[in-house]
Every structure is written in structure tokens, then in C-alpha cells.
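Shown here: query_25.pdb, PDB, C-alpha atoms and all ligand atoms.
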ATOM      1  CA  MET A1102      81.084 -61.611  64.355
ATOM      2  CA  VAL A1103      83.423 -61.375  61.345
ATOM      3  CA  ASP A1104      85.282 -58.137  61.089
ATOM      4  CA  ARG A1105      84.950 -56.555  57.665
ATOM      5  CA  PRO A1106      87.804 -54.158  57.039
ATOM      6  CA  LYS A1107      86.203 -52.945  53.831
ATOM      7  CA  LYS A1108      82.803 -52.462  55.388
ATOM      8  CA  PRO A1109      81.128 -49.499  53.611
ATOM      9  CA  SER A1110      80.629 -46.463  55.770
ATOM     10  CA  ALA A1111      77.077 -45.312  56.427
ATOM     11  CA  LEU A1112      75.639 -43.324  53.575
ATOM     12  CA  ASN A1113      75.153 -39.646  54.155
ATOM     13  CA  PRO A1114      71.454 -38.853  54.403
ATOM     14  CA  VAL A1115      71.883 -36.595  51.396
ATOM     15  CA  SER A1116      74.338 -38.227  49.008
ATOM     16  CA  PRO A1117      76.246 -35.855  46.791
ATOM     17  CA  GLY A1118      75.093 -36.136  43.212
ATOM     18  CA  LEU A1119      71.712 -37.620  44.094
ATOM     19  CA  ALA A1120      68.801 -35.439  42.933
ATOM     20  CA  PRO A1121      66.807 -34.044  45.877
ATOM     21  CA  GLN A1122      63.783 -36.137  46.741
ATOM     22  CA  ALA A1123      60.401 -35.542  48.298
ATOM     23  CA  GLN A1124      60.281 -36.658  51.936
ATOM     24  CA  VAL A1125      57.248 -38.604  53.109
ATOM     25  CA  ASN A1126      56.723 -39.311  56.811
ATOM     26  CA  ILE A1127      54.112 -41.150  58.799
ATOM     27  CA  THR A1128      53.757 -39.695  62.297
ATOM     28  CA  HIS A1129      51.372 -39.280  65.255
ATOM     29  CA  ALA A1130      51.247 -43.038  65.970
ATOM     30  CA  ASN A1131      50.626 -43.926  62.333
ATOM     31  CA  SER A1132      47.699 -41.557  62.011
ATOM     32  CA  ARG A1133      49.172 -38.777  59.857
ATOM     33  CA  VAL A1134      51.059 -38.635  56.554
ATOM     34  CA  SER A1135      53.101 -35.642  55.533
ATOM     35  CA  ALA A1136      55.130 -34.857  52.441
ATOM     36  CA  VAL A1137      57.675 -32.133  51.741
ATOM     37  CA  LEU A1138      59.125 -31.308  48.332
ATOM     38  CA  PRO A1139      62.833 -30.488  48.043
ATOM     39  CA  THR A1140      61.762 -26.901  47.311
ATOM     40  CA  GLY A1141      59.854 -26.681  50.623
ATOM     41  CA  GLU A1142      56.155 -27.043  49.718
ATOM     42  CA  SER A1143      54.362 -29.393  52.103
ATOM     43  CA  VAL A1144      51.098 -31.175  52.795
ATOM     44  CA  GLU A1145      49.748 -33.039  55.832
ATOM     45  CA  ILE A1146      46.916 -35.553  55.770
ATOM     46  CA  LEU A1147      45.136 -37.337  58.611
ATOM     47  CA  LEU A1148      44.194 -40.946  57.955
ATOM     48  CA  TYR A1149      40.988 -39.978  59.735
ATOM     49  CA  GLY A1150      38.835 -38.933  56.793
ATOM     50  CA  ALA A1151      41.929 -38.660  54.571
ATOM     51  CA  THR A1152      41.514 -35.035  55.623
ATOM     52  CA  ILE A1153      44.162 -32.628  54.382
ATOM     53  CA  VAL A1154      44.883 -30.419  57.391
ATOM     54  CA  SER A1155      47.760 -28.345  56.028
ATOM     55  CA  TRP A1156      49.124 -27.207  52.695
ATOM     56  CA  LYS A1157      52.043 -24.807  52.701
ATOM     57  CA  ASP A1158      53.984 -23.096  49.949
ATOM     58  CA  ALA A1159      57.780 -23.060  49.693
ATOM     59  CA  THR A1160      58.022 -20.158  52.148
ATOM     60  CA  GLY A1161      56.025 -22.067  54.762
ATOM     61  CA  LYS A1162      52.865 -20.002  54.311
ATOM     62  CA  GLU A1163      49.686 -21.936  55.120
ATOM     63  CA  LYS A1164      47.092 -22.033  52.334
ATOM     64  CA  LEU A1165      44.220 -23.736  54.164
ATOM     65  CA  PHE A1166      42.088 -22.550  57.048
ATOM     66  CA  LEU A1167      41.947 -24.879  60.028
ATOM     67  CA  SER A1168      39.828 -23.936  63.021
ATOM     68  CA  GLN A1169      41.829 -23.572  66.246
ATOM     69  CA  LYS A1170      39.246 -25.835  67.858
ATOM     70  CA  ALA A1171      39.185 -28.460  65.093
ATOM     71  CA  ALA A1172      39.267 -31.971  66.552
ATOM     72  CA  LEU A1173      42.268 -33.782  65.072
ATOM     73  CA  ASP A1174      41.946 -36.893  67.214
ATOM     74  CA  GLY A1175      39.312 -38.700  65.172
ATOM     75  CA  SER A1176      36.463 -37.791  67.502
ATOM     76  CA  LYS A1177      34.581 -35.721  64.907
ATOM     77  CA  ALA A1178      34.902 -34.418  61.352
ATOM     78  CA  VAL A1179      37.687 -31.856  61.014
ATOM     79  CA  ARG A1180      36.580 -28.202  60.900
ATOM     80  CA  GLY A1181      38.893 -26.938  58.189
ATOM     81  CA  GLY A1182      41.476 -28.153  55.712
ATOM     82  CA  ILE A1183      39.950 -30.374  53.030
ATOM     83  CA  PRO A1184      37.504 -32.981  54.314
ATOM     84  CA  LEU A1185      36.181 -35.347  51.627
ATOM     85  CA  VAL A1186      32.402 -35.640  51.433
ATOM     86  CA  PHE A1187      31.005 -39.044  50.319
ATOM     87  CA  PRO A1188      28.503 -40.637  49.606
ATOM     88  CA  VAL A1189      26.056 -37.821  50.406
ATOM     89  CA  PHE A1190      26.380 -34.046  50.456
ATOM     90  CA  GLY A1191      24.562 -32.591  53.467
ATOM     91  CA  LYS A1192      21.547 -34.683  54.422
ATOM     92  CA  ALA A1193      19.302 -36.317  51.849
ATOM     93  CA  PRO A1194      16.115 -37.349  53.654
ATOM     94  CA  ASP A1195      14.358 -37.973  50.335
ATOM     95  CA  HIS A1196      17.019 -40.292  48.950
ATOM     96  CA  ALA A1197      16.227 -43.618  50.581
ATOM     97  CA  ALA A1198      19.684 -45.180  50.233
ATOM     98  CA  THR A1199      21.476 -42.358  52.057
ATOM     99  CA  ALA A1200      18.639 -41.003  54.208
ATOM    100  CA  THR A1201      20.020 -42.326  57.497
ATOM    101  CA  LEU A1202      23.644 -41.291  56.948
ATOM    102  CA  PRO A1203      25.115 -38.447  58.976
ATOM    103  CA  GLN A1204      25.621 -35.027  57.358
ATOM    104  CA  HIS A1205      28.198 -35.291  54.518
ATOM    105  CA  GLY A1206      28.430 -39.086  54.799
ATOM    106  CA  PHE A1207      31.049 -41.315  56.380
ATOM    107  CA  ALA A1208      34.210 -40.782  54.311
ATOM    108  CA  ARG A1209      35.290 -37.795  56.400
ATOM    109  CA  THR A1210      34.857 -39.694  59.661
ATOM    110  CA  SER A1211      36.314 -43.087  58.687
ATOM    111  CA  ARG A1212      39.894 -44.212  59.019
ATOM    112  CA  TRP A1213      41.525 -44.593  55.600
ATOM    113  CA  GLU A1214      44.516 -46.685  54.617
ATOM    114  CA  PHE A1215      47.681 -45.098  53.264
ATOM    115  CA  LEU A1216      48.423 -46.942  50.029
ATOM    116  CA  GLY A1217      51.776 -45.346  49.243
ATOM    117  CA  LYS A1218      53.521 -42.579  47.380
ATOM    118  CA  SER A1219      54.884 -41.935  43.941
ATOM    119  CA  THR A1220      57.006 -39.041  42.771
ATOM    120  CA  SER A1221      57.805 -37.379  39.513
ATOM    121  CA  GLU A1222      60.835 -35.408  38.466
ATOM    122  CA  GLY A1223      60.203 -32.017  37.018
ATOM    123  CA  SER A1224      60.974 -31.206  33.444
ATOM    124  CA  GLY A1225      61.400 -27.607  34.526
ATOM    125  CA  THR A1226      63.823 -28.351  37.368
ATOM    126  CA  THR A1227      67.527 -27.804  36.890
ATOM    127  CA  ASP A1228      68.600 -30.338  39.514
ATOM    128  CA  GLY A1229      66.354 -33.178  38.306
ATOM    129  CA  GLY A1230      64.813 -33.313  41.792
ATOM    130  CA  ASP A1231      61.251 -34.336  42.586
ATOM    131  CA  SER A1232      58.779 -31.719  41.453
ATOM    132  CA  SER A1233      55.707 -33.481  42.756
ATOM    133  CA  VAL A1234      54.663 -36.215  45.116
ATOM    134  CA  LYS A1235      51.412 -38.179  44.992
ATOM    135  CA  LEU A1236      49.974 -39.810  48.096
ATOM    136  CA  ASP A1237      47.253 -42.435  47.685
ATOM    137  CA  PHE A1238      44.640 -43.337  50.277
ATOM    138  CA  GLY A1239      42.041 -46.108  50.162
ATOM    139  CA  LEU A1240      38.676 -46.696  51.780
ATOM    140  CA  SER A1241      36.341 -49.635  51.298
ATOM    141  CA  GLN A1242      33.397 -51.220  53.056
ATOM    142  CA  SER A1243      35.727 -53.244  55.289
ATOM    143  CA  ASN A1244      37.152 -50.025  56.796
ATOM    144  CA  LEU A1245      33.762 -48.762  57.954
ATOM    145  CA  ASP A1246      32.339 -48.984  61.442
ATOM    146  CA  GLU A1247      29.253 -51.138  61.951
ATOM    147  CA  ALA A1248      26.822 -48.205  61.988
ATOM    148  CA  SER A1249      28.047 -46.931  58.590
ATOM    149  CA  LYS A1250      28.031 -50.411  57.061
ATOM    150  CA  GLU A1251      24.479 -50.882  58.210
ATOM    151  CA  ALA A1252      23.320 -47.471  57.012
ATOM    152  CA  TRP A1253      24.994 -47.857  53.596
ATOM    153  CA  PRO A1254      25.400 -51.577  52.870
ATOM    154  CA  TYR A1255      27.115 -51.306  49.481
ATOM    155  CA  ALA A1256      30.424 -52.749  48.352
ATOM    156  CA  PHE A1257      32.602 -49.856  47.259
ATOM    157  CA  GLY A1258      36.231 -48.872  46.827
ATOM    158  CA  LEU A1259      37.566 -45.333  46.968
ATOM    159  CA  ILE A1260      41.061 -44.260  46.035
ATOM    160  CA  TYR A1261      41.827 -40.681  46.961
ATOM    161  CA  SER A1262      45.020 -39.194  45.556
ATOM    162  CA  VAL A1263      46.627 -36.032  46.861
ATOM    163  CA  THR A1264      49.329 -34.654  44.586
ATOM    164  CA  LEU A1265      51.530 -31.875  45.883
ATOM    165  CA  GLY A1266      53.356 -29.904  43.213
ATOM    166  CA  ARG A1267      55.371 -26.719  43.204
ATOM    167  CA  GLU A1268      52.514 -24.711  41.758
ATOM    168  CA  GLY A1269      49.608 -26.290  43.519
ATOM    169  CA  LEU A1270      47.666 -29.175  44.930
ATOM    170  CA  MET A1271      45.611 -31.740  43.066
ATOM    171  CA  THR A1272      43.045 -33.982  44.718
ATOM    172  CA  SER A1273      41.259 -36.718  42.811
ATOM    173  CA  VAL A1274      39.034 -39.592  43.720
ATOM    174  CA  VAL A1275      38.228 -42.864  41.984
ATOM    175  CA  VAL A1276      34.970 -44.469  43.070
ATOM    176  CA  ARG A1277      34.369 -48.129  42.225
ATOM    177  CA  ASN A1278      31.285 -50.258  42.616
ATOM    178  CA  GLU A1279      32.626 -53.570  43.887
ATOM    179  CA  GLY A1280      29.192 -55.057  44.462
ATOM    180  CA  GLU A1281      26.597 -56.892  42.398
ATOM    181  CA  SER A1282      24.044 -54.116  42.046
ATOM    182  CA  ALA A1283      23.959 -50.432  41.148
ATOM    183  CA  TRP A1284      24.174 -47.625  43.717
ATOM    184  CA  GLU A1285      24.333 -43.830  43.715
ATOM    185  CA  PHE A1286      26.593 -41.302  45.380
ATOM    186  CA  GLN A1287      27.589 -37.675  45.681
ATOM    187  CA  VAL A1288      31.144 -36.498  46.318
ATOM    188  CA  LEU A1289      32.736 -33.152  47.211
ATOM    189  CA  MET A1290      36.120 -31.720  48.175
ATOM    190  CA  HIS A1291      35.235 -29.375  51.015
ATOM    191  CA  THR A1292      38.165 -26.973  50.696
ATOM    192  CA  TYR A1293      38.561 -24.276  53.360
ATOM    193  CA  PHE A1294      40.825 -21.658  51.745
ATOM    194  CA  ARG A1295      42.789 -19.357  54.030
ATOM    195  CA  ILE A1296      42.408 -15.683  53.204
ATOM    196  CA  ASN A1297      43.330 -12.528  55.075
ATOM    197  CA  ASP A1298      40.108 -10.572  54.902
ATOM    198  CA  ILE A1299      36.783 -11.824  53.538
ATOM    199  CA  SER A1300      35.654  -8.243  52.851
ATOM    200  CA  LYS A1301      38.377  -7.949  50.185
ATOM    201  CA  VAL A1302      37.665 -11.283  48.511
ATOM    202  CA  SER A1303      35.996 -11.768  45.162
ATOM    203  CA  VAL A1304      35.293 -15.028  43.389
ATOM    204  CA  SER A1305      35.144 -15.167  39.607
ATOM    205  CA  GLY A1306      34.039 -17.988  37.358
ATOM    206  CA  LEU A1307      30.560 -18.170  38.890
ATOM    207  CA  GLU A1308      29.018 -15.389  36.798
ATOM    208  CA  THR A1309      25.723 -15.854  34.938
ATOM    209  CA  SER A1310      25.411 -19.327  36.392
ATOM    210  CA  SER A1311      22.583 -21.259  37.918
ATOM    211  CA  TYR A1312      22.816 -21.644  41.690
ATOM    212  CA  ILE A1313      20.816 -23.129  44.507
ATOM    213  CA  ASP A1314      20.555 -20.893  47.552
ATOM    214  CA  LYS A1315      20.416 -23.153  50.613
ATOM    215  CA  LEU A1316      19.666 -20.212  52.907
ATOM    216  CA  THR A1317      16.247 -19.276  51.529
ATOM    217  CA  THR A1318      13.068 -20.961  52.748
ATOM    218  CA  PRO A1319      12.232 -22.895  50.738
ATOM    219  CA  ILE A1320      15.571 -23.451  49.021
ATOM    220  CA  SER A1321      15.549 -21.465  45.748
ATOM    221  CA  THR A1322      17.189 -21.700  42.343
ATOM    222  CA  ASN A1323      18.538 -18.486  40.829
ATOM    223  CA  THR A1324      20.915 -17.168  38.193
ATOM    224  CA  SER A1325      23.936 -15.194  39.366
ATOM    225  CA  PRO A1326      24.685 -11.721  37.969
ATOM    226  CA  SER A1327      27.436 -11.092  35.426
ATOM    227  CA  SER A1328      29.652  -9.533  38.119
ATOM    228  CA  THR A1329      32.085 -11.418  40.367
ATOM    229  CA  LEU A1330      30.896 -12.650  43.755
ATOM    230  CA  SER A1331      31.748 -10.715  46.933
ATOM    231  CA  ILE A1332      30.702 -11.881  50.370
ATOM    232  CA  SER A1333      29.378  -9.663  53.141
ATOM    233  CA  SER A1334      27.108 -12.047  55.035
ATOM    234  CA  LYS A1335      26.483 -15.755  55.543
ATOM    235  CA  ILE A1336      26.471 -17.672  52.261
ATOM    236  CA  ASP A1337      25.654 -21.285  51.342
ATOM    237  CA  ARG A1338      25.162 -21.841  47.613
ATOM    238  CA  VAL A1339      25.586 -24.641  45.115
ATOM    239  CA  TYR A1340      26.686 -23.182  41.768
ATOM    240  CA  THR A1341      26.774 -24.915  38.422
ATOM    241  CA  PRO A1342      29.333 -22.670  36.706
ATOM    242  CA  ALA A1343      28.242 -21.835  33.168
ATOM    243  CA  GLY A1344      31.806 -22.238  31.850
ATOM    244  CA  GLY A1345      31.946 -25.915  32.820
ATOM    245  CA  PRO A1346      34.591 -27.660  34.948
ATOM    246  CA  SER A1347      37.620 -26.606  32.899
ATOM    247  CA  ALA A1348      36.913 -22.869  33.239
ATOM    248  CA  PRO A1349      38.793 -21.721  36.356
ATOM    249  CA  VAL A1350      37.053 -20.442  39.454
ATOM    250  CA  VAL A1351      39.415 -17.842  40.877
ATOM    251  CA  ILE A1352      39.561 -16.530  44.440
ATOM    252  CA  ALA A1353      41.096 -13.049  44.460
ATOM    253  CA  GLU A1354      41.913 -10.806  47.396
ATOM    254  CA  ALA A1355      42.223  -7.031  47.029
ATOM    255  CA  GLY A1356      42.009  -7.572  43.283
ATOM    256  CA  LYS A1357      44.931 -10.042  43.186
ATOM    257  CA  PRO A1358      44.251 -13.668  42.225
ATOM    258  CA  LYS A1359      45.203 -16.076  45.046
ATOM    259  CA  PHE A1360      43.826 -19.482  44.104
ATOM    260  CA  SER A1361      42.615 -20.860  40.808
ATOM    261  CA  ILE A1362      40.482 -24.010  40.810
ATOM    262  CA  THR A1363      39.815 -26.192  37.783
ATOM    263  CA  ARG A1364      37.754 -29.348  37.940
ATOM    264  CA  ASP A1365      37.350 -32.673  36.259
ATOM    265  CA  ASN A1366      33.933 -34.339  36.346
ATOM    266  CA  LEU A1367      32.899 -32.169  39.307
ATOM    267  CA  ASN A1368      30.174 -29.970  37.873
ATOM    268  CA  GLU A1369      29.242 -28.018  40.964
ATOM    269  CA  VAL A1370      30.988 -25.498  43.167
ATOM    270  CA  VAL A1371      29.658 -24.856  46.664
ATOM    271  CA  VAL A1372      30.470 -21.521  48.267
ATOM    272  CA  TRP A1373      30.073 -21.434  52.045
ATOM    273  CA  ASN A1374      30.964 -19.006  54.781
ATOM    274  CA  PRO A1375      29.141 -19.294  58.126
ATOM    275  CA  TRP A1376      29.826 -15.630  58.970
ATOM    276  CA  THR A1377      29.103 -14.915  62.643
ATOM    277  CA  ASP A1378      27.138 -18.204  62.932
ATOM    278  CA  GLY A1379      30.575 -19.842  63.149
ATOM    279  CA  ALA A1380      30.748 -18.599  66.713
ATOM    280  CA  SER A1381      27.912 -20.962  67.642
ATOM    281  CA  MET A1382      29.760 -24.013  66.288
ATOM    282  CA  ALA A1383      31.559 -25.775  69.120
ATOM    283  CA  ASP A1384      34.636 -26.490  66.965
ATOM    284  CA  PHE A1385      34.961 -23.124  65.225
ATOM    285  CA  ALA A1386      37.607 -20.710  66.506
ATOM    286  CA  PRO A1387      38.424 -17.929  66.708
ATOM    287  CA  ALA A1388      34.874 -16.579  66.664
ATOM    288  CA  ASP A1389      35.822 -14.086  63.944
ATOM    289  CA  GLY A1390      37.681 -16.775  61.971
ATOM    290  CA  TYR A1391      35.052 -16.457  59.253
ATOM    291  CA  ARG A1392      37.026 -13.435  58.079
ATOM    292  CA  ASN A1393      39.986 -15.666  57.307
ATOM    293  CA  MET A1394      38.248 -18.408  55.366
ATOM    294  CA  ILE A1395      36.145 -19.144  52.370
ATOM    295  CA  CYS A1396      34.946 -22.592  51.427
ATOM    296  CA  VAL A1397      34.920 -23.118  47.677
ATOM    297  CA  GLU A1398      34.048 -26.766  47.269
ATOM    298  CA  ALA A1399      34.280 -28.689  44.003
ATOM    299  CA  GLY A1400      31.772 -31.508  43.850
ATOM    300  CA  ALA A1401      29.252 -33.671  42.073
ATOM    301  CA  VAL A1402      26.340 -32.955  44.386
ATOM    302  CA  LYS A1403      23.362 -31.972  42.264
ATOM    303  CA  GLY A1404      21.487 -35.169  41.622
ATOM    304  CA  TRP A1405      23.325 -38.479  41.910
ATOM    305  CA  GLN A1406      26.140 -40.316  40.165
ATOM    306  CA  LYS A1407      25.009 -43.843  39.411
ATOM    307  CA  LEU A1408      27.491 -46.720  39.250
ATOM    308  CA  GLU A1409      26.503 -50.116  37.910
ATOM    309  CA  ALA A1410      28.233 -53.219  39.281
ATOM    310  CA  GLY A1411      31.935 -53.148  38.417
ATOM    311  CA  GLU A1412      31.903 -49.558  37.109
ATOM    312  CA  THR A1413      34.262 -46.784  38.168
ATOM    313  CA  TRP A1414      33.952 -43.009  38.227
ATOM    314  CA  GLU A1415      36.704 -40.454  38.621
ATOM    315  CA  GLY A1416      36.705 -36.764  39.470
ATOM    316  CA  GLY A1417      39.091 -34.189  40.867
ATOM    317  CA  GLN A1418      40.278 -30.627  41.270
ATOM    318  CA  ILE A1419      43.514 -28.796  40.644
ATOM    319  CA  VAL A1420      44.136 -25.829  42.909
ATOM    320  CA  THR A1421      46.849 -23.510  41.698
ATOM    321  CA  ASP A1422      48.510 -21.291  44.222
ATOM    322  CA  VAL A1423      48.638 -18.089  42.185
ATOM    323  CA  VAL A1424      50.508 -15.816  44.582
TER
HETATM  324  O1  LIG A1501      29.264 -28.416  59.616
HETATM  325  P1  LIG A1501      29.554 -29.343  58.466
HETATM  326  O2  LIG A1501      28.776 -30.631  58.524
HETATM  327  O3  LIG A1501      31.022 -29.607  58.322
HETATM  328  O4  LIG A1501      29.089 -28.602  57.150
HETATM  329  C1  LIG A1501      29.597 -27.354  56.810
HETATM  330  C2  LIG A1501      28.927 -26.835  55.552
HETATM  331  O5  LIG A1501      29.251 -27.679  54.468
HETATM  332  C3  LIG A1501      28.782 -27.236  53.178
HETATM  333  O6  LIG A1501      29.444 -26.086  52.796
HETATM  334  C4  LIG A1501      27.289 -27.046  53.162
HETATM  335  O7  LIG A1501      26.851 -26.442  51.967
HETATM  336  C5  LIG A1501      26.836 -26.235  54.340
HETATM  337  O8  LIG A1501      25.424 -26.252  54.378
HETATM  338  C6  LIG A1501      27.411 -26.759  55.629
HETATM  339  O9  LIG A1501      27.001 -25.954  56.707
END
Written as C-alpha cells, how would this file's structure read?
Amino acid sequence: MVDRPKKPSALNPVSPGLAPQAQVNITHANSRVSAVLPTGESVEILLYGATIVSWKDATGKEKLFLSQKAALDGSKAVRGGIPLVFPVFGKAPDHAATATLPQHGFARTSRWEFLGKSTSEGSGTTDGGDSSVKLDFGLSQSNLDEASKEAWPYAFGLIYSVTLGREGLMTSVVVRNEGESAWEFQVLMHTYFRINDISKVSVSGLETSSYIDKLTTPISTNTSPSSTLSISSKIDRVYTPAGGPSAPVVIAEAGKPKFSITRDNLNEVVVWNPWTDGASMADFAPADGYRNMICVEAGAVKGWQKLEAGETWEGGQIVTDVV
């Protein structure tokens, strides 16, 4: 081996003068992707379902609820975080093409591919460091297990992008019909927000809006009052907010706004809390965990989105961490 007297010394991990960068790591035997901004905000995503299982602010405070008994090993859909629902919301026995799919479809229980990251430098940052990082995940027919392929034999491509910023988290999905004939889908971002006390929570942005109550028999359609929504028992509703997707839906606790959600192309907002029924779910813990969570889920789930061959559709949500 030739000795090189002028061999450069190893670079310091953090070179002086270089703007601080977002760190992206793939861990847990290539099954988990995490990203941390130079300012400390972080996000963690399982390739299983492309499920976001953690989102923390710069102080390390967790923003999402994750059940203590959630399976994180790919054996069942994750109870908490943000599972992605596709191509059917719930069960749709009357919709022939999706009738045999499991509840909430296969996207949340399939293994996605990590497609890579991109970063952007903040205009508002003094050090020119990364102010956001975008992680892209892909799922197509070739990633599905045989049962899912058989139950839903359509050629599709999904690209799910998770963008972590200093002020919040953006999730967006591009759906593409890669086949020769049209098909239909529903999609939803099943966000479990972490809160301290459900009895102090109010949700605004759902006033005077049409909603489907999934808890009545038969399921009923109603119009919400002009007051904000408070929750004191089990709730499972699909709202179509009267203000449209760009009007924020705000989750407040003790009168203080905590999260603000705006949507693109996702016309519905599902509000779900299992209340004490959570205790009967095998993967829900602690039993009184319903006090610390509220699902406010942005989706396109009323009716169906139709894609002709070669067409694409895009939708997403921006969640701003207000506190
Ligand atoms: O138990 P899962 O399949 O994860 O579904 C959890 C919940 O998801 C949504 O919020 C639905 O509106 C609920 O009806 C359902 O119970």
C-alpha cells in the first residue's frame, strides 16, 4: 500500500461552516425510517403500512397517540400514529370491487418501499440549515401479498410523502392508475392526535356541517350545530365541513388551540374516539387511553374517487402544531 503523506484527515461529522442538515436513518433491520431536523423535530415511519408512529416537536414532546399494545412488528395494522387507509374506508359490502377487502384496505398492512428524501433550506432560518425534510414511500401492485392482489386486481401506484417541518407535518398521497381500465378508491389519513384530557377538548371547523353518524342504527345523516364539538362519549362520524378543505379544523384543549388541520382534495373529516370500548380492543392500552387521544382523519371517503387508465389523483393534509 502506498503511503500518502498528504492524506486528508477524516472529516468531522459536523464540519464547521456547513449549514446543519436533517438526519435520516433507516433502522430496525431496514423496517423503519426516521428523520430529525437540526432544530430537533422528528418523525418515525414504519415501512409496514408507511405508518407514522411518532412525531415530536423540538422539545421532544410526542404529538401522536400510539397504543402501548400497538403491534409494530408487521403482524397487524398499527393502533395509533397515522395509518394510511386505501383503497376502502371501513368495509364496503355494497361496492363490488372492494367488498372482499379487509377493513380499511391493504395499504396499512402492506410493506412499502422507501423511495428517498429531499430537504429544503428555510428562508426564515438564520443558519441556512434544513427547515424541512420530505420522505417518500411507494406502494404498487407488485408489493402486495397474493390475497390482496386477488381481492383487488388493479394496477396502481401510490406515492406517499411525509414532510416534517418546524411548524408541522404534511402528508400527501399521489394515486395513479397504471392499468388499462378505470377503478375507484377511497383514501384517508387516520391521524391519532395525542391530547391530555378528552373532556377538555373541543374541535372547531365542523360547525353547521353535514355528517354521517356511524353509531346510529341505521346510519344517519345529520347537520351539526353552530357550536364547536366536544366529546363525552363514543363518537364515530364522517363530517363534510361546510368551509371546504382549506378552512382549518382546529383541535383545542382547555380553550387553547393545539393542532390545526387543512386539507387538499380531502373533503371529509372523520372524528373517532372509541371511549371505553377501547378496553375491549386487544391492541388498545392503557384501557383509559381514550382520554389521551382523538382521531381526526382527513379523507376522501364519501362516495368514490374514479381514476381512468393513466390518470393520477393527489390529496393531502397539513397539520400545524399550534402550541
Ligand atoms: O379498528 P380499526 O380498523 O383500526 O378502525 C378504527 C376506526 O377507524 C375509523 O375511525 C372508523 O370510522 C371507525 O369506525 C373505526 O372503528
Quiz item: Written as a PyMOL selection string, which residues does the PyMOL selection byres (((chain A and resi 1351) around 7) and not hetatm) give for the file shown?
Solution: chain A and resi 1304-1306+1349-1350+1352-1353+1358+1360-1362
Self-check item: Polymer residues at most 9 Å from A:Val1276, all atoms listed in the file, same-chain spacing of 3 or more positions, as a ChimeraX atom specification
Solution: /A:1257-1261,1408,1412-1416
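Residues in contact with ligand LIG 1501 (chain A) comprise Gln1204, Asp1337 and Trp1373 of chain A, where contact means an atom-to-atom distance of at most 6 Å counting only C-alpha atoms and all ligand atoms.
Put simply, atom CA of A:Ala1410 is 24.6 Å away from atom CA of A:Met1290.
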Practice problem: Identify which of the residues A:Ala1401, A:Ile1127, A:Ala1197, A:Val1144 lies closest to A:Asp1158, counting only C-alpha atoms when measuring atom-to-atom distances. | Solution: A:Val1144
Exercise. Starting from the displayed file, determine the output of the PyMOL selection byres (((chain A and resi 1421) around 7) and not hetatm) and express the residue list as a ChimeraX atom specification.
Key: /A:1268-1270,1360-1362,1419-1420,1422-1423
Quiz item: atom CA of A:Val1186 and atom CA of A:Thr1201, how far apart in Å?
Solution: 15.3 Å
Could you model N, CA and C atoms for stretch 1404-1418 of chain A and present them as a PDB file, in the coordinates of the input?
ATOM      1  N   GLY A1404      21.856 -33.851  42.139  1.00  0.00           N
ATOM      2  CA  GLY A1404      21.487 -35.169  41.622  1.00  0.00           C
ATOM      3  C   GLY A1404      22.498 -36.196  42.104  1.00  0.00           C
ATOM      4  N   TRP A1405      22.527 -37.350  41.435  1.00  0.00           N
ATOM      5  CA  TRP A1405      23.325 -38.479  41.910  1.00  0.00           C
ATOM      6  C   TRP A1405      24.144 -39.075  40.783  1.00  0.00           C
ATOM      7  N   GLN A1406      25.323 -39.564  41.115  1.00  0.00           N
ATOM      8  CA  GLN A1406      26.140 -40.316  40.165  1.00  0.00           C
ATOM      9  C   GLN A1406      25.771 -41.780  40.369  1.00  0.00           C
ATOM     10  N   LYS A1407      25.412 -42.437  39.274  1.00  0.00           N
ATOM     11  CA  LYS A1407      25.009 -43.843  39.411  1.00  0.00           C
ATOM     12  C   LYS A1407      26.119 -44.744  38.891  1.00  0.00           C
ATOM     13  N   LEU A1408      26.473 -45.754  39.680  1.00  0.00           N
ATOM     14  CA  LEU A1408      27.491 -46.720  39.250  1.00  0.00           C
ATOM     15  C   LEU A1408      26.874 -48.113  39.194  1.00  0.00           C
ATOM     16  N   GLU A1409      26.948 -48.721  38.033  1.00  0.00           N
ATOM     17  CA  GLU A1409      26.503 -50.116  37.910  1.00  0.00           C
ATOM     18  C   GLU A1409      27.596 -51.010  38.500  1.00  0.00           C
ATOM     19  N   ALA A1410      27.252 -52.268  38.735  1.00  0.00           N
ATOM     20  CA  ALA A1410      28.233 -53.219  39.281  1.00  0.00           C
ATOM     21  C   ALA A1410      29.509 -53.206  38.443  1.00  0.00           C
ATOM     22  N   GLY A1411      30.644 -53.090  39.101  1.00  0.00           N
ATOM     23  CA  GLY A1411      31.935 -53.148  38.417  1.00  0.00           C
ATOM     24  C   GLY A1411      32.388 -51.840  37.780  1.00  0.00           C
ATOM     25  N   GLU A1412      31.528 -50.824  37.769  1.00  0.00           N
ATOM     26  CA  GLU A1412      31.903 -49.558  37.109  1.00  0.00           C
ATOM     27  C   GLU A1412      32.742 -48.661  38.024  1.00  0.00           C
ATOM     28  N   THR A1413      33.519 -47.786  37.391  1.00  0.00           N
ATOM     29  CA  THR A1413      34.262 -46.784  38.168  1.00  0.00           C
ATOM     30  C   THR A1413      33.947 -45.380  37.654  1.00  0.00           C
ATOM     31  N   TRP A1414      34.160 -44.439  38.527  1.00  0.00           N
ATOM     32  CA  TRP A1414      33.952 -43.009  38.227  1.00  0.00           C
ATOM     33  C   TRP A1414      35.155 -42.265  38.801  1.00  0.00           C
ATOM     34  N   GLU A1415      35.576 -41.218  38.108  1.00  0.00           N
ATOM     35  CA  GLU A1415      36.704 -40.454  38.621  1.00  0.00           C
ATOM     36  C   GLU A1415      36.436 -38.961  38.509  1.00  0.00           C
ATOM     37  N   GLY A1416      36.850 -38.208  39.515  1.00  0.00           N
ATOM     38  CA  GLY A1416      36.705 -36.764  39.470  1.00  0.00           C
ATOM     39  C   GLY A1416      37.793 -36.110  40.312  1.00  0.00           C
ATOM     40  N   GLY A1417      38.048 -34.832  40.071  1.00  0.00           N
ATOM     41  CA  GLY A1417      39.091 -34.189  40.867  1.00  0.00           C
ATOM     42  C   GLY A1417      39.150 -32.686  40.663  1.00  0.00           C
ATOM     43  N   GLN A1418      40.041 -32.072  41.406  1.00  0.00           N
ATOM     44  CA  GLN A1418      40.278 -30.627  41.270  1.00  0.00           C
ATOM     45  C   GLN A1418      41.777 -30.352  41.275  1.00  0.00           C
TER      46      GLN A1418
END
